[in-house]
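Peer 1: Take a look at protein-v4.pdb, PDB, C-alpha atoms and all ligand atoms:
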```pdb
MODEL        1
ATOM      1  CA  MET K 264     -18.644   9.807  54.705  1.00  0.00           C
ATOM      2  CA  VAL K 265     -17.219  12.142  52.076  1.00  0.00           C
ATOM      3  CA  ILE K 266     -14.472  14.552  53.149  1.00  0.00           C
ATOM      4  CA  ILE K 267     -14.712  18.098  51.770  1.00  0.00           C
ATOM      5  CA  SER K 268     -11.614  20.220  51.321  1.00  0.00           C
ATOM      6  CA  PRO K 269     -12.494  23.719  50.085  1.00  0.00           C
ATOM      7  CA  SER K 270      -9.779  25.454  48.078  1.00  0.00           C
ATOM      8  CA  ILE K 271      -9.812  28.832  49.809  1.00  0.00           C
ATOM      9  CA  ILE K 272      -8.018  30.656  46.973  1.00  0.00           C
ATOM     10  CA  SER K 273     -11.357  31.217  45.193  1.00  0.00           C
ATOM     11  CA  SER K 274     -13.007  32.733  48.263  1.00  0.00           C
ATOM     12  CA  ASN K 275     -13.515  36.459  48.780  1.00  0.00           C
ATOM     13  CA  LEU K 276      -9.947  37.255  49.789  1.00  0.00           C
ATOM     14  CA  THR K 277     -10.895  40.637  51.240  1.00  0.00           C
ATOM     15  CA  GLN K 278     -12.725  38.651  53.935  1.00  0.00           C
ATOM     16  CA  LEU K 279     -10.501  35.616  54.215  1.00  0.00           C
ATOM     17  CA  GLY K 280     -10.944  35.047  57.957  1.00  0.00           C
ATOM     18  CA  GLU K 281     -14.732  35.229  57.664  1.00  0.00           C
ATOM     19  CA  GLN K 282     -14.747  32.875  54.689  1.00  0.00           C
ATOM     20  CA  VAL K 283     -12.685  30.356  56.666  1.00  0.00           C
ATOM     21  CA  LYS K 284     -15.154  30.564  59.555  1.00  0.00           C
ATOM     22  CA  LEU K 285     -18.188  30.260  57.265  1.00  0.00           C
ATOM     23  CA  SER K 286     -16.666  27.192  55.595  1.00  0.00           C
ATOM     24  CA  GLU K 287     -15.942  25.540  58.941  1.00  0.00           C
ATOM     25  CA  ALA K 288     -19.448  26.345  60.177  1.00  0.00           C
ATOM     26  CA  ALA K 289     -20.700  24.457  57.095  1.00  0.00           C
ATOM     27  CA  HIS K 290     -18.539  21.485  58.208  1.00  0.00           C
ATOM     28  CA  ALA K 291     -15.589  21.778  55.841  1.00  0.00           C
ATOM     29  CA  ASP K 292     -13.286  18.949  56.961  1.00  0.00           C
ATOM     30  CA  MET K 293     -10.026  20.644  56.007  1.00  0.00           C
ATOM     31  CA  PHE K 294      -8.713  23.414  53.764  1.00  0.00           C
ATOM     32  CA  HIS K 295      -6.888  22.933  50.480  1.00  0.00           C
ATOM     33  CA  LEU K 296      -4.220  25.597  49.962  1.00  0.00           C
ATOM     34  CA  ASP K 297      -3.076  25.961  46.355  1.00  0.00           C
ATOM     35  CA  VAL K 298       0.541  27.105  46.251  1.00  0.00           C
ATOM     36  CA  MET K 299       1.774  28.050  42.755  1.00  0.00           C
ATOM     37  CA  ASP K 300       5.233  29.369  41.907  1.00  0.00           C
ATOM     38  CA  GLY K 301       4.894  30.756  38.364  1.00  0.00           C
ATOM     39  CA  HIS K 302       7.301  28.047  37.095  1.00  0.00           C
ATOM     40  CA  PHE K 303       5.732  24.645  37.663  1.00  0.00           C
ATOM     41  CA  VAL K 304       2.459  26.285  36.620  1.00  0.00           C
ATOM     42  CA  PRO K 305       2.040  29.703  34.970  1.00  0.00           C
ATOM     43  CA  ASN K 306       0.125  31.173  37.910  1.00  0.00           C
ATOM     44  CA  LEU K 307       1.298  32.628  41.262  1.00  0.00           C
ATOM     45  CA  THR K 308      -0.644  32.319  44.489  1.00  0.00           C
ATOM     46  CA  MET K 309       0.188  32.168  48.179  1.00  0.00           C
ATOM     47  CA  GLY K 310       3.276  31.863  50.350  1.00  0.00           C
ATOM     48  CA  PRO K 311       3.821  30.762  53.958  1.00  0.00           C
ATOM     49  CA  ASP K 312       2.632  34.067  55.490  1.00  0.00           C
ATOM     50  CA  LEU K 313      -0.853  33.617  54.090  1.00  0.00           C
ATOM     51  CA  VAL K 314      -0.895  30.017  55.326  1.00  0.00           C
ATOM     52  CA  LYS K 315       0.069  31.306  58.775  1.00  0.00           C
ATOM     53  CA  ALA K 316      -2.831  33.794  58.664  1.00  0.00           C
ATOM     54  CA  ILE K 317      -5.266  31.030  57.691  1.00  0.00           C
ATOM     55  CA  ARG K 318      -3.852  28.802  60.456  1.00  0.00           C
ATOM     56  CA  SER K 319      -4.629  31.517  63.006  1.00  0.00           C
ATOM     57  CA  VAL K 320      -8.369  31.273  62.258  1.00  0.00           C
ATOM     58  CA  ALA K 321      -8.818  27.691  61.006  1.00  0.00           C
ATOM     59  CA  THR K 322      -9.218  24.788  63.421  1.00  0.00           C
ATOM     60  CA  VAL K 323      -9.308  21.954  60.850  1.00  0.00           C
ATOM     61  CA  PRO K 324      -6.219  20.471  59.129  1.00  0.00           C
ATOM     62  CA  LEU K 325      -4.537  22.434  56.330  1.00  0.00           C
ATOM     63  CA  GLU K 326      -3.304  20.612  53.250  1.00  0.00           C
ATOM     64  CA  VAL K 327      -0.841  22.410  51.005  1.00  0.00           C
ATOM     65  CA  HIS K 328      -0.967  21.523  47.304  1.00  0.00           C
ATOM     66  CA  LEU K 329       2.568  22.363  46.208  1.00  0.00           C
ATOM     67  CA  MET K 330       2.450  23.289  42.518  1.00  0.00           C
ATOM     68  CA  VAL K 331       6.075  24.371  42.597  1.00  0.00           C
ATOM     69  CA  GLU K 332       9.136  23.080  40.763  1.00  0.00           C
ATOM     70  CA  LYS K 333      11.072  22.208  43.907  1.00  0.00           C
ATOM     71  CA  PRO K 334       8.691  21.224  46.701  1.00  0.00           C
ATOM     72  CA  ASP K 335      11.598  19.783  48.718  1.00  0.00           C
ATOM     73  CA  LYS K 336      12.923  23.347  49.127  1.00  0.00           C
ATOM     74  CA  TYR K 337       9.654  24.815  50.396  1.00  0.00           C
ATOM     75  CA  TRP K 338       7.550  22.327  52.346  1.00  0.00           C
ATOM     76  CA  ARG K 339       9.315  23.111  55.647  1.00  0.00           C
ATOM     77  CA  LYS K 340       8.422  26.803  55.410  1.00  0.00           C
ATOM     78  CA  PHE K 341       4.769  25.862  55.017  1.00  0.00           C
ATOM     79  CA  SER K 342       5.113  23.384  57.853  1.00  0.00           C
ATOM     80  CA  GLU K 343       6.475  26.109  60.142  1.00  0.00           C
ATOM     81  CA  ALA K 344       3.504  28.249  59.047  1.00  0.00           C
ATOM     82  CA  GLY K 345       1.180  25.569  60.430  1.00  0.00           C
ATOM     83  CA  ALA K 346       0.301  23.324  57.486  1.00  0.00           C
ATOM     84  CA  ASP K 347      -0.364  19.657  58.304  1.00  0.00           C
ATOM     85  CA  ILE K 348      -0.344  17.749  55.004  1.00  0.00           C
ATOM     86  CA  PHE K 349       1.969  18.240  52.012  1.00  0.00           C
ATOM     87  CA  LEU K 350       0.836  17.220  48.540  1.00  0.00           C
ATOM     88  CA  ILE K 351       3.789  16.712  46.193  1.00  0.00           C
ATOM     89  CA  HIS K 352       3.498  16.341  42.409  1.00  0.00           C
ATOM     90  CA  TYR K 353       5.059  13.307  40.741  1.00  0.00           C
ATOM     91  CA  GLU K 354       5.897  15.745  37.913  1.00  0.00           C
ATOM     92  CA  SER K 355       7.935  18.099  40.160  1.00  0.00           C
ATOM     93  CA  LEU K 356      11.728  18.194  40.261  1.00  0.00           C
ATOM     94  CA  CYS K 357      12.587  16.577  43.560  1.00  0.00           C
ATOM     95  CA  ASN K 358      13.596  13.251  45.039  1.00  0.00           C
ATOM     96  CA  ILE K 359      10.128  12.167  46.089  1.00  0.00           C
ATOM     97  CA  HIS K 360      11.100   9.232  48.330  1.00  0.00           C
ATOM     98  CA  GLU K 361      13.600  11.405  50.175  1.00  0.00           C
ATOM     99  CA  THR K 362      11.141  14.295  50.567  1.00  0.00           C
ATOM    100  CA  PHE K 363       8.432  11.965  51.895  1.00  0.00           C
ATOM    101  CA  ARG K 364      10.928  10.509  54.374  1.00  0.00           C
ATOM    102  CA  GLU K 365      11.739  14.002  55.667  1.00  0.00           C
ATOM    103  CA  ILE K 366       8.073  14.970  55.980  1.00  0.00           C
ATOM    104  CA  LYS K 367       7.309  11.737  57.822  1.00  0.00           C
ATOM    105  CA  ASN K 368      10.258  12.234  60.178  1.00  0.00           C
ATOM    106  CA  SER K 369       8.948  15.711  61.016  1.00  0.00           C
ATOM    107  CA  GLY K 370       5.715  14.096  62.217  1.00  0.00           C
ATOM    108  CA  LYS K 371       3.533  15.467  59.401  1.00  0.00           C
ATOM    109  CA  LYS K 372       1.592  13.781  56.611  1.00  0.00           C
ATOM    110  CA  TYR K 373       2.163  13.645  52.870  1.00  0.00           C
ATOM    111  CA  GLY K 374       0.431  12.801  49.640  1.00  0.00           C
ATOM    112  CA  ILE K 375       1.448  12.134  46.042  1.00  0.00           C
ATOM    113  CA  VAL K 376      -0.255  14.048  43.207  1.00  0.00           C
ATOM    114  CA  ILE K 377      -0.646  13.084  39.542  1.00  0.00           C
ATOM    115  CA  ASN K 378      -1.657  15.225  36.590  1.00  0.00           C
ATOM    116  CA  PRO K 379      -4.496  14.004  34.344  1.00  0.00           C
ATOM    117  CA  ASP K 380      -2.093  12.549  31.754  1.00  0.00           C
ATOM    118  CA  THR K 381       0.235  10.779  34.218  1.00  0.00           C
ATOM    119  CA  PRO K 382      -0.542   7.058  34.430  1.00  0.00           C
ATOM    120  CA  PHE K 383      -1.199   5.812  37.937  1.00  0.00           C
ATOM    121  CA  SER K 384       1.396   3.036  37.475  1.00  0.00           C
ATOM    122  CA  LYS K 385       4.131   5.702  37.852  1.00  0.00           C
ATOM    123  CA  VAL K 386       3.172   6.431  41.463  1.00  0.00           C
ATOM    124  CA  GLU K 387       2.172   3.008  42.785  1.00  0.00           C
ATOM    125  CA  GLN K 388       5.577   2.851  44.486  1.00  0.00           C
ATOM    126  CA  TYR K 389       4.745   5.896  46.666  1.00  0.00           C
ATOM    127  CA  LEU K 390       1.366   4.810  47.998  1.00  0.00           C
ATOM    128  CA  ASP K 391       2.360   2.707  50.975  1.00  0.00           C
ATOM    129  CA  GLY K 392       2.662   5.252  53.803  1.00  0.00           C
ATOM    130  CA  ALA K 393       1.045   8.109  51.884  1.00  0.00           C
ATOM    131  CA  TYR K 394      -1.932   9.698  53.628  1.00  0.00           C
ATOM    132  CA  ILE K 395      -3.423  10.832  50.327  1.00  0.00           C
ATOM    133  CA  VAL K 396      -3.151  10.183  46.606  1.00  0.00           C
ATOM    134  CA  LEU K 397      -4.432  13.242  44.768  1.00  0.00           C
ATOM    135  CA  ILE K 398      -5.766  12.730  41.254  1.00  0.00           C
ATOM    136  CA  MET K 399      -5.902  15.973  39.258  1.00  0.00           C
ATOM    137  CA  SER K 400      -9.055  16.280  37.187  1.00  0.00           C
ATOM    138  CA  VAL K 401      -7.814  19.469  35.489  1.00  0.00           C
ATOM    139  CA  TYR K 402      -4.306  20.543  34.471  1.00  0.00           C
ATOM    140  CA  PRO K 403      -2.993  22.466  37.483  1.00  0.00           C
ATOM    141  CA  GLY K 404      -2.688  26.237  37.358  1.00  0.00           C
ATOM    142  CA  PHE K 405      -6.147  27.745  37.602  1.00  0.00           C
ATOM    143  CA  SER K 406      -9.480  27.393  39.339  1.00  0.00           C
ATOM    144  CA  GLY K 407     -12.666  27.341  37.303  1.00  0.00           C
ATOM    145  CA  GLN K 408     -11.640  24.804  34.627  1.00  0.00           C
ATOM    146  CA  SER K 409     -13.902  21.993  33.401  1.00  0.00           C
ATOM    147  CA  PHE K 410     -13.639  18.526  34.893  1.00  0.00           C
ATOM    148  CA  ILE K 411     -11.696  16.043  32.718  1.00  0.00           C
ATOM    149  CA  GLU K 412     -13.862  12.902  32.669  1.00  0.00           C
ATOM    150  CA  MET K 413     -10.891  10.690  31.780  1.00  0.00           C
ATOM    151  CA  SER K 414      -9.476  11.247  35.255  1.00  0.00           C
ATOM    152  CA  LEU K 415     -12.199   8.968  36.632  1.00  0.00           C
ATOM    153  CA  ASP K 416     -10.224   6.056  35.114  1.00  0.00           C
ATOM    154  CA  ASN K 417      -7.273   6.995  37.308  1.00  0.00           C
ATOM    155  CA  VAL K 418      -9.566   7.112  40.358  1.00  0.00           C
ATOM    156  CA  LYS K 419     -10.901   3.604  39.591  1.00  0.00           C
ATOM    157  CA  LYS K 420      -7.406   2.192  39.096  1.00  0.00           C
ATOM    158  CA  VAL K 421      -6.155   3.708  42.345  1.00  0.00           C
ATOM    159  CA  ARG K 422      -9.212   2.424  44.245  1.00  0.00           C
ATOM    160  CA  GLU K 423      -8.563  -1.097  42.956  1.00  0.00           C
ATOM    161  CA  PHE K 424      -4.885  -0.907  43.895  1.00  0.00           C
ATOM    162  CA  ILE K 425      -5.591   0.434  47.386  1.00  0.00           C
ATOM    163  CA  ASN K 426      -8.214  -2.219  48.095  1.00  0.00           C
ATOM    164  CA  LYS K 427      -6.082  -5.039  46.686  1.00  0.00           C
ATOM    165  CA  ASN K 428      -3.067  -4.041  48.758  1.00  0.00           C
ATOM    166  CA  ASP K 429      -5.080  -3.239  51.856  1.00  0.00           C
ATOM    167  CA  LEU K 430      -3.688   0.317  52.119  1.00  0.00           C
ATOM    168  CA  GLU K 431      -5.202   3.143  54.148  1.00  0.00           C
ATOM    169  CA  THR K 432      -4.297   5.890  51.656  1.00  0.00           C
ATOM    170  CA  MET K 433      -7.244   8.149  50.841  1.00  0.00           C
ATOM    171  CA  ILE K 434      -8.123   9.164  47.298  1.00  0.00           C
ATOM    172  CA  GLU K 435      -8.625  12.871  46.693  1.00  0.00           C
ATOM    173  CA  ILE K 436      -9.765  14.539  43.480  1.00  0.00           C
ATOM    174  CA  ASP K 437      -9.110  18.164  42.494  1.00  0.00           C
ATOM    175  CA  GLY K 438     -10.413  20.249  39.612  1.00  0.00           C
ATOM    176  CA  GLY K 439     -13.862  21.063  38.270  1.00  0.00           C
ATOM    177  CA  ILE K 440     -15.672  19.444  41.195  1.00  0.00           C
ATOM    178  CA  ASN K 441     -19.346  20.321  41.683  1.00  0.00           C
ATOM    179  CA  GLU K 442     -22.379  18.290  42.765  1.00  0.00           C
ATOM    180  CA  ILE K 443     -22.447  16.369  39.433  1.00  0.00           C
ATOM    181  CA  THR K 444     -18.740  15.637  38.934  1.00  0.00           C
ATOM    182  CA  GLY K 445     -18.296  15.138  42.689  1.00  0.00           C
ATOM    183  CA  LYS K 446     -20.869  12.335  42.610  1.00  0.00           C
ATOM    184  CA  LYS K 447     -19.080  10.665  39.686  1.00  0.00           C
ATOM    185  CA  ALA K 448     -15.759  10.872  41.536  1.00  0.00           C
ATOM    186  CA  LEU K 449     -17.241   9.331  44.689  1.00  0.00           C
ATOM    187  CA  ASP K 450     -18.830   6.526  42.657  1.00  0.00           C
ATOM    188  CA  ALA K 451     -15.416   5.856  41.095  1.00  0.00           C
ATOM    189  CA  GLY K 452     -13.907   5.500  44.584  1.00  0.00           C
ATOM    190  CA  ALA K 453     -12.768   8.941  45.755  1.00  0.00           C
ATOM    191  CA  ASP K 454     -12.812   9.821  49.492  1.00  0.00           C
ATOM    192  CA  ILE K 455     -11.973  13.549  49.443  1.00  0.00           C
ATOM    193  CA  LEU K 456     -13.410  16.247  47.170  1.00  0.00           C
ATOM    194  CA  VAL K 457     -11.523  19.510  46.615  1.00  0.00           C
ATOM    195  CA  SER K 458     -13.588  22.398  45.313  1.00  0.00           C
ATOM    196  CA  ALA K 459     -12.851  26.072  44.757  1.00  0.00           C
ATOM    197  CA  SER K 460     -15.071  27.894  42.246  1.00  0.00           C
ATOM    198  CA  TYR K 461     -18.170  25.786  42.929  1.00  0.00           C
ATOM    199  CA  ILE K 462     -18.092  26.379  46.696  1.00  0.00           C
ATOM    200  CA  TYR K 463     -17.000  30.023  46.667  1.00  0.00           C
ATOM    201  CA  GLY K 464     -18.974  31.007  43.563  1.00  0.00           C
ATOM    202  CA  GLY K 465     -22.267  30.662  45.431  1.00  0.00           C
ATOM    203  CA  ASN K 466     -23.733  30.234  48.893  1.00  0.00           C
ATOM    204  CA  ILE K 467     -20.832  28.639  50.780  1.00  0.00           C
ATOM    205  CA  SER K 468     -22.803  26.776  53.382  1.00  0.00           C
ATOM    206  CA  GLU K 469     -25.402  25.499  50.896  1.00  0.00           C
ATOM    207  CA  ARG K 470     -22.733  24.269  48.473  1.00  0.00           C
ATOM    208  CA  ILE K 471     -20.542  22.584  51.077  1.00  0.00           C
ATOM    209  CA  GLY K 472     -23.749  20.983  52.389  1.00  0.00           C
ATOM    210  CA  LYS K 473     -24.623  19.675  48.916  1.00  0.00           C
ATOM    211  CA  LEU K 474     -21.182  18.134  48.443  1.00  0.00           C
ATOM    212  CA  LYS K 475     -21.298  16.589  51.913  1.00  0.00           C
ATOM    213  CA  SER K 476     -24.611  14.933  51.192  1.00  0.00           C
ATOM    214  CA  LEU K 477     -23.501  13.264  47.918  1.00  0.00           C
TER     215      LEU K 477
HETATM  216  C1  LIG X   1      -5.853  23.824  40.213  1.00  0.00           C
HETATM  217  C2  LIG X   1      -5.901  23.740  41.717  1.00  0.00           C
HETATM  218  C3  LIG X   1      -7.255  23.413  42.228  1.00  0.00           C
HETATM  219  C4  LIG X   1      -8.246  24.501  41.947  1.00  0.00           C
HETATM  220  C5  LIG X   1      -9.617  23.926  41.958  1.00  0.00           C
HETATM  221  O1  LIG X   1      -4.578  24.124  39.817  1.00  0.00           O
HETATM  222  O2  LIG X   1      -5.034  22.719  42.172  1.00  0.00           O
HETATM  223  O3  LIG X   1      -7.223  23.104  43.607  1.00  0.00           O
HETATM  224  O4  LIG X   1      -8.154  25.567  42.868  1.00  0.00           O
HETATM  225  O5  LIG X   1     -10.486  24.861  41.429  1.00  0.00           O
HETATM  226  P1  LIG X   1     -11.925  24.462  40.888  1.00  0.00           P
HETATM  227  O6  LIG X   1     -12.628  23.698  41.960  1.00  0.00           O
HETATM  228  O7  LIG X   1     -12.552  25.782  40.568  1.00  0.00           O
HETATM  229  O8  LIG X   1     -11.682  23.630  39.648  1.00  0.00           O
HETATM  230 ZN    ZN X   2      -5.286  22.079  44.255  1.00  0.00          ZN
ENDMDL
END
```
Using the file provided, produce a representation of the structure as structure tokens.
Ligand code: DX5
Ligand code: ZN
Peer 2:
Amino acid sequence: MVIISPSIISSNLTQLGEQVKLSEAAHADMFHLDVMDGHFVPNLTMGPDLVKAIRSVATVPLEVHLMVEKPDKYWRKFSEAGADIFLIHYESLCNIHETFREIKNSGKKYGIVINPDTPFSKVEQYLDGAYIVLIMSVYPGFSGQSFIEMSLDNVKKVREFINKNDLETMIEIDGGINEITGKKALDAGADILVSASYIYGGNISERIGKLKSL
């Protein structure tokens, strides 16, 4: 069954707690927290205090998508705030193997992320032991962008690799996901759909329900 991870940053932030509860009532499986530092991407979003506030109302796992230059410097702060899964970009400036080792030793989970123009072959080496491989279907930085169809090729390649090597890593896709692009991503082999503007731009429970039934 498809796993839905709403990106809460596009919700009505004046009612964040309520939006979290509404999303969980609609059977959101986890929350996707987009952390941007104004350097790795041109936008700025949330820090650990907001994650802590979300943790105090959410009961499902929290995954932190670290769109920051140096994720190795920050993941612990988000971990202390209550996040469960750390998604690290291949394109960031850190020693990825070392950072994954530290996250694993702390008892938490990690995933590797690739931008739409990064070939999957670059991250094959990180898959064994990764909880998630996140394929970006937009260039990171903003919600509300259009789905890049080409990213489906990356999803298919990753699915083949995971099946061939008998790995348990789940495939997640992020960017421009709605009921049409979500279906294409699932057909290509994705397990987890992230969605921000589609879910929070309409009736939350209806839209999460539609994605869950794809
Ligand atoms: C993009 C973020 C996405 C974004 C998704 O930089 O990583 O998670 O919030 O937004 P939508 O679903 O609107 O494309
Ligand atoms: Zn994201």
Peer 1: Nearest to ligand ZN 2 (chain X): which of K:Ile471, K:Val331, K:Leu279, K:Ala459 is it, counting only C-alpha atoms and all ligand atoms?
Peer 2: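 Checking each candidate against ligand ZN 2 (chain X), we get K:Ala459 as the closest.
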Peer 1: Up to 7 Å from (-10.1, 3.9, 43.5) in the file's coordinates: name the residues, counting all atoms listed in the file, as a list in words.
Peer 2: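 With a cut-off of 7 Å, the residues come to Val418, Lys419, Lys420, Val421, Arg422, Glu423, Ile425, Ile434, Ala451, Gly452 and Ala453 of chain K.
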Peer 1: With all atoms listed in the file as the counted atoms, please give the residues lying no more than 12 Å from Asn368 in chain K, apart from itself and same-chain residues fewer than 6 positions off, as a VMD selection string.
Peer 2: chain K and resid 339 361 to 362
Peer 1: For ligand LIG 1 (chain X), return the neighbouring residues as a PyMOL selection string (distance at most 7 Å; all atoms listed in the file).
Peer 2: chain K and resi 270+272-273+295+297+328+401-409+437-440+457-461
Peer 1: Since we have the selection now, will you write its residues out, keeping C-alpha atoms, as a PDB file, in the frame of the given file?
Peer 2:
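As written to disk, part_33.pdb reads:
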```pdb
ATOM      1  CA  SER K 270      -9.779  25.454  48.078  1.00  0.00           C
ATOM      2  CA  ILE K 272      -8.018  30.656  46.973  1.00  0.00           C
ATOM      3  CA  SER K 273     -11.357  31.217  45.193  1.00  0.00           C
ATOM      4  CA  HIS K 295      -6.888  22.933  50.480  1.00  0.00           C
ATOM      5  CA  ASP K 297      -3.076  25.961  46.355  1.00  0.00           C
ATOM      6  CA  HIS K 328      -0.967  21.523  47.304  1.00  0.00           C
ATOM      7  CA  VAL K 401      -7.814  19.469  35.489  1.00  0.00           C
ATOM      8  CA  TYR K 402      -4.306  20.543  34.471  1.00  0.00           C
ATOM      9  CA  PRO K 403      -2.993  22.466  37.483  1.00  0.00           C
ATOM     10  CA  GLY K 404      -2.688  26.237  37.358  1.00  0.00           C
ATOM     11  CA  PHE K 405      -6.147  27.745  37.602  1.00  0.00           C
ATOM     12  CA  SER K 406      -9.480  27.393  39.339  1.00  0.00           C
ATOM     13  CA  GLY K 407     -12.666  27.341  37.303  1.00  0.00           C
ATOM     14  CA  GLN K 408     -11.640  24.804  34.627  1.00  0.00           C
ATOM     15  CA  SER K 409     -13.902  21.993  33.401  1.00  0.00           C
ATOM     16  CA  ASP K 437      -9.110  18.164  42.494  1.00  0.00           C
ATOM     17  CA  GLY K 438     -10.413  20.249  39.612  1.00  0.00           C
ATOM     18  CA  GLY K 439     -13.862  21.063  38.270  1.00  0.00           C
ATOM     19  CA  ILE K 440     -15.672  19.444  41.195  1.00  0.00           C
ATOM     20  CA  VAL K 457     -11.523  19.510  46.615  1.00  0.00           C
ATOM     21  CA  SER K 458     -13.588  22.398  45.313  1.00  0.00           C
ATOM     22  CA  ALA K 459     -12.851  26.072  44.757  1.00  0.00           C
ATOM     23  CA  SER K 460     -15.071  27.894  42.246  1.00  0.00           C
ATOM     24  CA  TYR K 461     -18.170  25.786  42.929  1.00  0.00           C
TER      25      TYR K 461
END
```
Peer 1: Suppose you want the space between CA of Lys385 in chain K and CA of Lys340 in chain K; what is it in Å?
Peer 2: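 Taking CA of Lys385 in chain K and CA of Lys340 in chain K, their separation equals 27.8 Å.
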Peer 1: Taking all atoms of range 329-335 of chain K that the file lists and extending 4 Å past them on each side, where is the centre of the axis-aligned box and how long are its edges? Answer in Å to one decimal, as lines of an AutoDock Vina configuration file.
Peer 2:
```
center_x = 7.0
center_y = 22.1
center_z = 44.7
size_x = 17.1
size_y = 12.6
size_z = 16.0
```
Peer 1: Just the residues within 10 Å of Ala288 in chain K, please, counting only C-alpha atoms, with nothing from its chain fewer than 6 positions along; format it as number ranges by chain.
Peer 2: K: 282, 467-468, 471
Peer 1: Here is a test: counting all atoms listed in the file, which residue of K:Ile443, K:Ile266, K:Ile351, K:Ala448 is nearest to Tyr337 in chain K?
Peer 2: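 The closest residue to Tyr337 in chain K is K:Ile351.
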Peer 1: Written as a ChimeraX atom specification, what is the full residue list that the PyMOL selection byres (((chain K and resi 301-306) around 10) and not hetatm) yields on the file shown?
Peer 2: /K:298-300,307-308,329-333,352,354-356,402-405
Peer 1: For the file shown, what are the residues hit by the PyMOL selection byres (((chain K and resi 433) around 7) and not hetatm), laid out as a PyMOL selection string?
Peer 2: chain K and resi 394-396+431-432+434-435+454
Peer 1: What is the CA of Glu326 in chain K-CA of Ile348 in chain K distance in Å, reported with one decimal?
Peer 2: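 About the pair CA of Glu326 in chain K and CA of Ile348 in chain K: they are 4.5 Å apart.
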Peer 1: Quick check, in Å to one decimal: how far apart do CA of Asp391 in chain K and CA of Ile267 in chain K lie?
Peer 2: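 Result for CA of Asp391 in chain K versus CA of Ile267 in chain K: 23.0 Å, one decimal.
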Peer 1: Here is a test: counting all atoms listed in the file, which residue of K:Ala344, K:Ala291, K:Ile436, K:Leu285 is nearest to ligand ZN 2 (chain X)?
Peer 2: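 Ranking K:Ala344, K:Ala291, K:Ile436, K:Leu285 by distance to ligand ZN 2 (chain X), first place goes to K:Ile436.
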Peer 1: Kindly indicate which residue among K:Phe349, K:Phe363, K:Trp338, K:Phe424 lies nearest to ligand ZN 2 (chain X), using only C-alpha atoms and all ligand atoms for the distances.
Peer 2: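 Among K:Phe349, K:Phe363, K:Trp338, K:Phe424, it is K:Phe349 that comes nearest to ligand ZN 2 (chain X).
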Peer 1: For Glu469 in chain K, which of K:Leu296, K:Asp347, K:Glu442, K:Ile411 is the closest residue, counting only C-alpha atoms?
Peer 2: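 The answer is K:Glu442, which sits nearest to Glu469 in chain K.
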Peer 1: For a cutoff of 6 Å around the file-coordinate point (-3.5, 14.3, 43.2), which residues qualify once you count only C-alpha atoms? I'd like the result as number ranges by chain.
Peer 2: K: 376-377, 396-399
Peer 1: For the PyMOL selection byres (((chain K and resi 389) around 10) and not hetatm), applied here, can you spell out every residue it catches as a short mmCIF file (atom, residue, chain, number, x, y, z; two decimals) with C-alpha atoms, keeping the file's coordinate frame?
Peer 2:
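Dumped to out.cif:
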```
data_model
loop_
_atom_site.label_atom_id
_atom_site.label_comp_id
_atom_site.auth_asym_id
_atom_site.auth_seq_id
_atom_site.Cartn_x
_atom_site.Cartn_y
_atom_site.Cartn_z
CA TYR K 353 5.06 13.31 40.74
CA ILE K 359 10.13 12.17 46.09
CA HIS K 360 11.10 9.23 48.33
CA PHE K 363 8.43 11.96 51.90
CA GLY K 374 0.43 12.80 49.64
CA ILE K 375 1.45 12.13 46.04
CA LYS K 385 4.13 5.70 37.85
CA VAL K 386 3.17 6.43 41.46
CA GLU K 387 2.17 3.01 42.78
CA GLN K 388 5.58 2.85 44.49
CA LEU K 390 1.37 4.81 48.00
CA ASP K 391 2.36 2.71 50.98
CA GLY K 392 2.66 5.25 53.80
CA ALA K 393 1.04 8.11 51.88
CA VAL K 396 -3.15 10.18 46.61
#
```
Peer 1: Identify, on the basis of only C-alpha atoms, every residue whose closest approach to Val283 in chain K does not exceed 9 Å; exclude the query and any residue fewer than 3 positions from it along the same chain; express the result as a ChimeraX atom specification.
Peer 2: /K:271,274,278-280,286-288,294,317,320-321
Peer 1: Go through K:Arg470, K:Lys475, K:Arg364, K:Lys336 and flag the residue nearest Asp292 in chain K, using all atoms listed in the file for the distances.
Peer 2: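 For Asp292 in chain K, the nearest of the given residues is K:Lys475.
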